[in-house]
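Here the structure is laid out as structure tokens; the discussion comes afterwards.
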Amino acid sequence: MSQAQLGGAERDLYRDTWVRYLGYANEVGEAFRSLVPAAVVWLSYGVASSYVLADAIDKGKKAGEVPSPEAGRSTRVTVAVVDTFVWQALASVAIPGFTINRVCAASLYVLGTATRWPLAVRKWTTTAIGLLAIPIIIHPIDRSVDFLLDSSLRKLYPSVGKPSSS
């Protein structure tokens with residue numbers, strides 16, 4: 001099916017397709033941190049950050065395509081790019097990455113003090129816990145970032161460029 005229409009609404013490549021999962025790459029990298037070289041974890045952050053940047057650029061292009069007076073166009077594009085970039089950077093990279101990192105660090109520590117399991121078993125268990133935590137943390141983080149931006153940055157936007165909640 002084409003990107004243009006899906007049930008009457010335009011399909012968003014960055015939010016309605018498999019591409020969305022690239023935003024979770026760093027969480028997966030953090031879950032595997034105890035098993036892989038640090039370069040692999042940093043690469044996962046590169047993938048997630050590229051997703052964030054691509055989505056922000058896409059939202060800016062879409063905002064620029066909306067017919068309106070030229071005077072409001074640049075403001076609308078700027079607001080779309082900034083809002084999407086900040087929201088995605090917080091909700092897809094920074095907060096979830098930190099959260100999974102701490103969940104995994106805490107679970108590795110607890111498993112080390114509470115069990116006599118071999119290190120390899122503790123590391124794989126920590127990775128499994130991190131991976132299982134990802135779907136649990138996503139929606140609360142998304143809603144928290146919405147609240148944070150609605151209470152701060154989005155109050156600064158002129159009404160011509162106000163985006164809807166992410």
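Each chain of the structure tokens is named A, B, ... in the order shown, its residues numbered from 1; ligands are numbered from 1 in display order.
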Using only C-alpha atoms, which protein or nucleic acid residues come within 10 Å of A:Val19? Drop anything in the same chain fewer than 6 positions from it, and give the result as a ChimeraX atom specification.
/A:12-13,51,55
Residues just named, written with N, CA, C and O atoms as an mmCIF file, in the first residue's frame:
data_model
loop_
_atom_site.group_PDB
_atom_site.id
_atom_site.type_symbol
_atom_site.label_atom_id
_atom_site.label_comp_id
_atom_site.auth_asym_id
_atom_site.auth_seq_id
_atom_site.Cartn_x
_atom_site.Cartn_y
_atom_site.Cartn_z
ATOM 1 N N ASP A 12 2.099 7.984 8.088
ATOM 2 C CA ASP A 12 3.350 8.608 8.504
ATOM 3 C C ASP A 12 4.442 7.548 8.531
ATOM 4 O O ASP A 12 4.414 6.633 9.359
ATOM 5 N N LEU A 13 5.414 7.688 7.633
ATOM 6 C CA LEU A 13 6.519 6.732 7.527
ATOM 7 C C LEU A 13 7.224 6.526 8.866
ATOM 8 O O LEU A 13 7.605 5.411 9.208
ATOM 9 N N TYR A 51 17.114 8.354 13.302
ATOM 10 C CA TYR A 51 15.653 8.279 13.208
ATOM 11 C C TYR A 51 15.022 9.590 13.695
ATOM 12 O O TYR A 51 14.127 10.149 13.047
ATOM 13 N N ASP A 55 12.878 12.098 11.302
ATOM 14 C CA ASP A 55 11.477 12.403 11.602
ATOM 15 C C ASP A 55 11.274 13.912 11.730
ATOM 16 O O ASP A 55 10.291 14.456 11.217
#
Which residues are close to stretch 104-113 of chain A, i.e. within 10 Å by only C-alpha atoms, leaving aside same-chain residues fewer than 2 positions away? Reply as a PyMOL selection string.
chain A and resi 30-34+98-102+115-119+121-131+133
Contact check, stretch 76-121 of chain A to stretch 142-147 of chain A, at most 12 Å, counting only C-alpha atoms, closest pairs as JSON lines:
{"residue": "A:Asp83", "atom": "CA", "partner": "A:Asp146", "partner_atom": "CA", "distance": 10.4}
{"residue": "A:Thr84", "atom": "CA", "partner": "A:Asp146", "partner_atom": "CA", "distance": 11.0}
{"residue": "A:Val86", "atom": "CA", "partner": "A:Val145", "partner_atom": "CA", "distance": 9.4}
{"residue": "A:Trp87", "atom": "CA", "partner": "A:Val145", "partner_atom": "CA", "distance": 6.7}
{"residue": "A:Gln88", "atom": "CA", "partner": "A:Val145", "partner_atom": "CA", "distance": 9.1}
{"residue": "A:Ala89", "atom": "CA", "partner": "A:Val145", "partner_atom": "CA", "distance": 10.0}
{"residue": "A:Leu90", "atom": "CA", "partner": "A:Val145", "partner_atom": "CA", "distance": 6.9}
{"residue": "A:Ala91", "atom": "CA", "partner": "A:Asp142", "partner_atom": "CA", "distance": 5.5}
{"residue": "A:Ser92", "atom": "CA", "partner": "A:Asp142", "partner_atom": "CA", "distance": 8.2}
{"residue": "A:Val93", "atom": "CA", "partner": "A:Asp142", "partner_atom": "CA", "distance": 11.2}
{"residue": "A:Ala94", "atom": "CA", "partner": "A:Val145", "partner_atom": "CA", "distance": 11.0}
{"residue": "A:Ile95", "atom": "CA", "partner": "A:Val145", "partner_atom": "CA", "distance": 9.1}
{"residue": "A:Pro96", "atom": "CA", "partner": "A:Asp142", "partner_atom": "CA", "distance": 9.6}
Next, dump the selected residues to file, keeping only N, CA and C atoms, as a PDB file, in the first residue's frame.
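Heads up, here's the output in result18.pdb:
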ATOM      1  N   ASP A  83       9.782  21.011  17.702  1.00  0.00           N
ATOM      2  CA  ASP A  83       8.916  20.206  18.558  1.00  0.00           C
ATOM      3  C   ASP A  83       9.158  18.713  18.341  1.00  0.00           C
ATOM      4  N   THR A  84       9.226  18.298  17.095  1.00  0.00           N
ATOM      5  CA  THR A  84       9.455  16.879  16.806  1.00  0.00           C
ATOM      6  C   THR A  84      10.827  16.441  17.296  1.00  0.00           C
ATOM      7  N   VAL A  86      12.795  17.743  19.692  1.00  0.00           N
ATOM      8  CA  VAL A  86      12.895  17.715  21.160  1.00  0.00           C
ATOM      9  C   VAL A  86      12.076  16.545  21.708  1.00  0.00           C
ATOM     10  N   TRP A  87      10.850  16.385  21.206  1.00  0.00           N
ATOM     11  CA  TRP A  87      10.007  15.291  21.699  1.00  0.00           C
ATOM     12  C   TRP A  87      10.667  13.935  21.452  1.00  0.00           C
ATOM     13  N   GLN A  88      11.109  13.710  20.225  1.00  0.00           N
ATOM     14  CA  GLN A  88      11.725  12.427  19.883  1.00  0.00           C
ATOM     15  C   GLN A  88      13.041  12.220  20.632  1.00  0.00           C
ATOM     16  N   ALA A  89      13.838  13.265  20.750  1.00  0.00           N
ATOM     17  CA  ALA A  89      15.116  13.125  21.465  1.00  0.00           C
ATOM     18  C   ALA A  89      14.890  12.698  22.909  1.00  0.00           C
ATOM     19  N   LEU A  90      13.876  13.278  23.542  1.00  0.00           N
ATOM     20  CA  LEU A  90      13.582  12.910  24.929  1.00  0.00           C
ATOM     21  C   LEU A  90      12.864  11.567  25.014  1.00  0.00           C
ATOM     22  N   ALA A  91      11.785  11.403  24.234  1.00  0.00           N
ATOM     23  CA  ALA A  91      10.917  10.223  24.374  1.00  0.00           C
ATOM     24  C   ALA A  91      11.459   8.965  23.698  1.00  0.00           C
ATOM     25  N   SER A  92      12.329   9.130  22.712  1.00  0.00           N
ATOM     26  CA  SER A  92      12.838   7.954  22.003  1.00  0.00           C
ATOM     27  C   SER A  92      14.291   7.625  22.318  1.00  0.00           C
ATOM     28  N   VAL A  93      15.070   8.610  22.754  1.00  0.00           N
ATOM     29  CA  VAL A  93      16.499   8.351  22.951  1.00  0.00           C
ATOM     30  C   VAL A  93      16.934   8.569  24.408  1.00  0.00           C
ATOM     31  N   ALA A  94      16.852   9.788  24.894  1.00  0.00           N
ATOM     32  CA  ALA A  94      17.467  10.111  26.186  1.00  0.00           C
ATOM     33  C   ALA A  94      16.817   9.401  27.370  1.00  0.00           C
ATOM     34  N   ILE A  95      15.533   9.592  27.563  1.00  0.00           N
ATOM     35  CA  ILE A  95      14.880   9.033  28.754  1.00  0.00           C
ATOM     36  C   ILE A  95      14.801   7.508  28.702  1.00  0.00           C
ATOM     37  N   PRO A  96      14.374   6.906  27.585  1.00  0.00           N
ATOM     38  CA  PRO A  96      14.342   5.439  27.559  1.00  0.00           C
ATOM     39  C   PRO A  96      15.729   4.809  27.647  1.00  0.00           C
TER      40      PRO A  96
END
d(atom CA of A:Pro135, atom CA of A:Asp150) in Å
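Pair atom CA of A:Pro135 / atom CA of A:Asp150 returns 23.6 Å.
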Report the distance between atom CA of A:Trp42 and atom CA of A:Leu153 in Å, rounded to one decimal place.
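Atom CA of A:Trp42 sits 28.4 Å away from atom CA of A:Leu153.
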Give me every alpha helix (DSSP H) residue in chain A, going by DSSP on the backbone, as a ChimeraX atom specification.
/A:25-31,38-65,70-88,95-114,119-150
Can you measure atom CA of A:Asp16 to atom CA of A:Ser44 for me? One decimal in Å is fine.
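So the two atoms, atom CA of A:Asp16 and atom CA of A:Ser44, lie 20.9 Å apart.
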